[in-house]
Amino acid sequence: MRDLGQNVSRVLARVKGGESLVVTEHGRPIARLVPYTTGTSLDEMIASGEVTPPSGDLQEFLARHKPVESEILGSEVLQEMRDEERW
């Protein structure tokens, strides 16, 4: 925190240059400074490695994973799940 407060311009220049920095207080991480991007949240998650972009073809996936026949509607299942969350 002290370095950040005393060197704001220098720290922001590093972030602007593409560096991600962790701000600590008494040795404990409290924040992360990362370069601003105009990408979507998904783009940001892919860039950070949190998610993996899809591979393969959608039609191939659908051919291998046939829908399950059921008398219960998806909307009914969703409503039941929402009702359970409230209690």
# chains A, B, ... in the order shown; residues from 1 in each chain; ligands from 1
>>> residues_around(residues="Glu25 (chain A)", least_positions_apart="4", cutoff="8 Å", atoms="only C-alpha atoms", output="ChimeraX atom specification")
/A:1,29-30
>>> residues_around(residues="region 2-19 of chain A", least_positions_apart="2", cutoff="7 Å", atoms="only C-alpha atoms", output="VMD selection string")
chain A and resid 21 33 to 35
>>> select_by_dssp(residues="chain A", states="strand (DSSP E)", output="list in words")
Leu21, Val22, Val23, Thr24, Glu25, Arg28, Pro29, Ile30, Ala31, Arg32 and Leu33 of chain A
>>> select_by_dssp(residues="chain A", states="helix (DSSP H, G or I)", output="PyMOL selection string")
chain A and resi 2-6+8-16+41-48+58-64+74-86
>>> write_last_selection(atoms="N, CA and C atoms", output="short mmCIF file (atom, residue, chain, number, x, y, z; two decimals), in the first residue's frame")
data_model
loop_
_atom_site.label_atom_id
_atom_site.label_comp_id
_atom_site.auth_asym_id
_atom_site.auth_seq_id
_atom_site.Cartn_x
_atom_site.Cartn_y
_atom_site.Cartn_z
N ARG A 2 1.95 1.21 0.77
CA ARG A 2 2.82 2.39 0.85
C ARG A 2 3.40 2.70 -0.52
N ASP A 3 3.92 1.67 -1.20
CA ASP A 3 4.48 1.88 -2.54
C ASP A 3 3.43 2.41 -3.50
N LEU A 4 2.25 1.89 -3.41
CA LEU A 4 1.17 2.34 -4.28
C LEU A 4 0.88 3.82 -4.04
N GLY A 5 0.75 4.20 -2.79
CA GLY A 5 0.45 5.58 -2.46
C GLY A 5 1.55 6.55 -2.87
N GLN A 6 2.81 6.12 -2.75
CA GLN A 6 3.93 7.00 -3.05
C GLN A 6 4.30 7.00 -4.53
N VAL A 8 2.02 6.20 -7.37
CA VAL A 8 0.81 5.90 -8.15
C VAL A 8 1.08 5.94 -9.65
N SER A 9 1.76 6.97 -10.12
CA SER A 9 2.01 7.10 -11.57
C SER A 9 2.85 5.94 -12.08
N ARG A 10 3.88 5.58 -11.34
CA ARG A 10 4.76 4.48 -11.75
C ARG A 10 4.01 3.15 -11.74
N VAL A 11 3.21 2.92 -10.72
CA VAL A 11 2.44 1.68 -10.63
C VAL A 11 1.44 1.60 -11.78
N LEU A 12 0.72 2.68 -12.03
CA LEU A 12 -0.26 2.68 -13.12
C LEU A 12 0.41 2.53 -14.48
N ALA A 13 1.62 3.04 -14.64
CA ALA A 13 2.35 2.87 -15.89
C ALA A 13 2.67 1.39 -16.11
N ARG A 14 3.02 0.69 -15.04
CA ARG A 14 3.29 -0.74 -15.15
C ARG A 14 2.03 -1.50 -15.55
N VAL A 15 0.90 -1.14 -14.94
CA VAL A 15 -0.37 -1.79 -15.28
C VAL A 15 -0.74 -1.47 -16.72
N LYS A 16 -0.57 -0.23 -17.11
CA LYS A 16 -0.87 0.19 -18.47
C LYS A 16 -0.01 -0.59 -19.47
N SER A 41 -16.69 -10.20 -20.67
CA SER A 41 -16.30 -10.96 -19.48
C SER A 41 -15.77 -12.33 -19.88
N LEU A 42 -16.37 -12.94 -20.89
CA LEU A 42 -15.91 -14.24 -21.36
C LEU A 42 -14.49 -14.12 -21.90
N ASP A 43 -14.24 -13.08 -22.71
CA ASP A 43 -12.89 -12.87 -23.23
C ASP A 43 -11.88 -12.73 -22.10
N GLU A 44 -12.25 -12.01 -21.06
CA GLU A 44 -11.36 -11.80 -19.93
C GLU A 44 -11.12 -13.11 -19.18
N MET A 45 -12.16 -13.93 -19.02
CA MET A 45 -11.99 -15.21 -18.32
C MET A 45 -11.12 -16.17 -19.13
N ILE A 46 -11.26 -16.15 -20.45
CA ILE A 46 -10.41 -16.98 -21.31
C ILE A 46 -8.96 -16.52 -21.19
N ALA A 47 -8.75 -15.19 -21.25
CA ALA A 47 -7.39 -14.64 -21.16
C ALA A 47 -6.73 -14.98 -19.83
N SER A 48 -7.50 -15.01 -18.76
CA SER A 48 -6.92 -15.30 -17.44
C SER A 48 -6.79 -16.80 -17.18
N LEU A 58 -20.30 -27.56 -32.95
CA LEU A 58 -21.56 -27.67 -32.22
C LEU A 58 -22.41 -28.81 -32.75
N GLN A 59 -22.46 -28.96 -34.05
CA GLN A 59 -23.27 -30.03 -34.65
C GLN A 59 -22.77 -31.41 -34.23
N GLU A 60 -21.43 -31.58 -34.15
CA GLU A 60 -20.87 -32.86 -33.69
C GLU A 60 -21.27 -33.12 -32.25
N PHE A 61 -21.20 -32.09 -31.42
CA PHE A 61 -21.58 -32.22 -30.01
C PHE A 61 -23.04 -32.65 -29.89
N LEU A 62 -23.90 -31.97 -30.63
CA LEU A 62 -25.33 -32.28 -30.56
C LEU A 62 -25.62 -33.69 -31.07
N ALA A 63 -24.86 -34.15 -32.05
CA ALA A 63 -25.05 -35.50 -32.58
C ALA A 63 -24.66 -36.55 -31.54
N ARG A 64 -23.65 -36.27 -30.73
CA ARG A 64 -23.20 -37.23 -29.71
C ARG A 64 -24.03 -37.16 -28.45
N GLY A 74 -38.38 -28.27 -18.61
CA GLY A 74 -37.22 -27.59 -18.04
C GLY A 74 -37.63 -26.40 -17.20
N SER A 75 -38.68 -25.70 -17.60
CA SER A 75 -39.14 -24.54 -16.84
C SER A 75 -39.65 -24.96 -15.46
N GLU A 76 -40.23 -26.16 -15.37
CA GLU A 76 -40.71 -26.66 -14.07
C GLU A 76 -39.53 -26.98 -13.16
N VAL A 77 -38.50 -27.59 -13.72
CA VAL A 77 -37.30 -27.90 -12.93
C VAL A 77 -36.66 -26.61 -12.44
N LEU A 78 -36.55 -25.64 -13.32
CA LEU A 78 -35.96 -24.36 -12.96
C LEU A 78 -36.76 -23.68 -11.85
N GLN A 79 -38.07 -23.68 -11.95
CA GLN A 79 -38.91 -23.07 -10.92
C GLN A 79 -38.73 -23.78 -9.59
N GLU A 80 -38.65 -25.11 -9.62
CA GLU A 80 -38.45 -25.88 -8.40
C GLU A 80 -37.09 -25.54 -7.76
N MET A 81 -36.06 -25.41 -8.58
CA MET A 81 -34.74 -25.05 -8.06
C MET A 81 -34.76 -23.65 -7.42
N ARG A 82 -35.45 -22.72 -8.07
CA ARG A 82 -35.55 -21.36 -7.53
C ARG A 82 -36.31 -21.36 -6.22
N ASP A 83 -37.39 -22.14 -6.15
CA ASP A 83 -38.17 -22.23 -4.92
C ASP A 83 -37.32 -22.79 -3.77
N GLU A 84 -36.50 -23.80 -4.06
CA GLU A 84 -35.65 -24.41 -3.03
C GLU A 84 -34.60 -23.41 -2.52
N GLU A 85 -34.09 -22.53 -3.41
CA GLU A 85 -33.09 -21.53 -3.01
C GLU A 85 -33.66 -20.53 -2.02
N ARG A 86 -34.93 -20.27 -2.10
CA ARG A 86 -35.57 -19.26 -1.25
C ARG A 86 -35.76 -19.74 0.17
#
>>> atom_distance(atom1="CA of Ser20 (chain A)", atom2="CA of Glu50 (chain A)")
15.5 Å
>>> decode(residues="region 3-42 of chain A", atoms="N, CA and C atoms", output="compact mmCIF listing (two decimals), in the first residue's frame")
# COMPACT_ATOMS: atom_id res chain seq x y z
N ASP A 3 3.92 1.67 -1.20
CA ASP A 3 4.48 1.88 -2.54
C ASP A 3 3.43 2.41 -3.50
N LEU A 4 2.25 1.89 -3.41
CA LEU A 4 1.17 2.34 -4.28
C LEU A 4 0.88 3.82 -4.04
N GLY A 5 0.75 4.20 -2.79
CA GLY A 5 0.45 5.58 -2.46
C GLY A 5 1.55 6.55 -2.87
N GLN A 6 2.81 6.12 -2.75
CA GLN A 6 3.93 7.00 -3.05
C GLN A 6 4.30 7.00 -4.53
N ASN A 7 3.88 5.96 -5.25
CA ASN A 7 4.29 5.81 -6.65
C ASN A 7 3.12 5.51 -7.58
N VAL A 8 2.02 6.20 -7.37
CA VAL A 8 0.81 5.90 -8.15
C VAL A 8 1.08 5.94 -9.65
N SER A 9 1.76 6.97 -10.12
CA SER A 9 2.01 7.10 -11.57
C SER A 9 2.85 5.94 -12.08
N ARG A 10 3.88 5.58 -11.34
CA ARG A 10 4.76 4.48 -11.75
C ARG A 10 4.01 3.15 -11.74
N VAL A 11 3.21 2.92 -10.72
CA VAL A 11 2.44 1.68 -10.63
C VAL A 11 1.44 1.60 -11.78
N LEU A 12 0.72 2.68 -12.03
CA LEU A 12 -0.26 2.68 -13.12
C LEU A 12 0.41 2.53 -14.48
N ALA A 13 1.62 3.04 -14.64
CA ALA A 13 2.35 2.87 -15.89
C ALA A 13 2.67 1.39 -16.11
N ARG A 14 3.02 0.69 -15.04
CA ARG A 14 3.29 -0.74 -15.15
C ARG A 14 2.03 -1.50 -15.55
N VAL A 15 0.90 -1.14 -14.94
CA VAL A 15 -0.37 -1.79 -15.28
C VAL A 15 -0.74 -1.47 -16.72
N LYS A 16 -0.57 -0.23 -17.11
CA LYS A 16 -0.87 0.19 -18.47
C LYS A 16 -0.01 -0.59 -19.47
N GLY A 17 1.21 -0.94 -19.04
CA GLY A 17 2.10 -1.72 -19.89
C GLY A 17 1.75 -3.20 -19.95
N GLY A 18 0.69 -3.60 -19.28
CA GLY A 18 0.23 -4.98 -19.38
C GLY A 18 0.46 -5.82 -18.15
N GLU A 19 1.09 -5.25 -17.14
CA GLU A 19 1.40 -6.00 -15.93
C GLU A 19 0.19 -6.05 -14.99
N SER A 20 -0.01 -7.16 -14.33
CA SER A 20 -1.03 -7.28 -13.29
C SER A 20 -0.31 -7.25 -11.95
N LEU A 21 -0.78 -6.42 -11.03
CA LEU A 21 -0.12 -6.26 -9.73
C LEU A 21 -1.08 -6.56 -8.60
N VAL A 22 -0.56 -7.17 -7.54
CA VAL A 22 -1.35 -7.46 -6.35
C VAL A 22 -0.99 -6.42 -5.29
N VAL A 23 -2.00 -5.78 -4.74
CA VAL A 23 -1.80 -4.80 -3.67
C VAL A 23 -1.95 -5.54 -2.34
N THR A 24 -0.96 -5.36 -1.47
CA THR A 24 -1.02 -6.04 -0.18
C THR A 24 -1.04 -5.02 0.95
N GLU A 25 -1.59 -5.46 2.06
CA GLU A 25 -1.61 -4.66 3.29
C GLU A 25 -1.12 -5.58 4.40
N HIS A 26 0.01 -5.23 4.98
CA HIS A 26 0.64 -6.06 6.00
C HIS A 26 0.88 -7.48 5.50
N GLY A 27 1.28 -7.56 4.22
CA GLY A 27 1.60 -8.86 3.63
C GLY A 27 0.42 -9.67 3.13
N ARG A 28 -0.78 -9.15 3.29
CA ARG A 28 -1.98 -9.87 2.84
C ARG A 28 -2.55 -9.22 1.59
N PRO A 29 -2.82 -10.01 0.54
CA PRO A 29 -3.41 -9.44 -0.68
C PRO A 29 -4.79 -8.85 -0.40
N ILE A 30 -5.01 -7.63 -0.90
CA ILE A 30 -6.32 -6.99 -0.72
C ILE A 30 -6.94 -6.56 -2.04
N ALA A 31 -6.12 -6.46 -3.10
CA ALA A 31 -6.65 -6.02 -4.39
C ALA A 31 -5.71 -6.47 -5.49
N ARG A 32 -6.24 -6.47 -6.70
CA ARG A 32 -5.42 -6.77 -7.87
C ARG A 32 -5.66 -5.68 -8.88
N LEU A 33 -4.58 -5.10 -9.39
CA LEU A 33 -4.66 -4.10 -10.44
C LEU A 33 -4.31 -4.79 -11.75
N VAL A 34 -5.23 -4.74 -12.68
CA VAL A 34 -5.03 -5.38 -13.97
C VAL A 34 -5.30 -4.38 -15.08
N PRO A 35 -4.69 -4.56 -16.24
CA PRO A 35 -4.96 -3.65 -17.35
C PRO A 35 -6.44 -3.69 -17.74
N TYR A 36 -6.97 -2.55 -18.07
CA TYR A 36 -8.36 -2.46 -18.50
C TYR A 36 -8.46 -2.98 -19.93
N THR A 37 -9.46 -3.80 -20.18
CA THR A 37 -9.71 -4.29 -21.53
C THR A 37 -11.15 -3.98 -21.91
N THR A 38 -11.39 -3.90 -23.19
CA THR A 38 -12.75 -3.63 -23.65
C THR A 38 -13.44 -4.92 -24.08
N GLY A 39 -12.80 -6.07 -23.82
CA GLY A 39 -13.40 -7.35 -24.19
C GLY A 39 -14.56 -7.69 -23.28
N THR A 40 -15.24 -8.75 -23.64
CA THR A 40 -16.36 -9.21 -22.82
C THR A 40 -15.83 -9.93 -21.60
N SER A 41 -16.69 -10.20 -20.67
CA SER A 41 -16.30 -10.96 -19.48
C SER A 41 -15.77 -12.33 -19.88
N LEU A 42 -16.37 -12.94 -20.89
CA LEU A 42 -15.91 -14.24 -21.36
C LEU A 42 -14.49 -14.12 -21.90
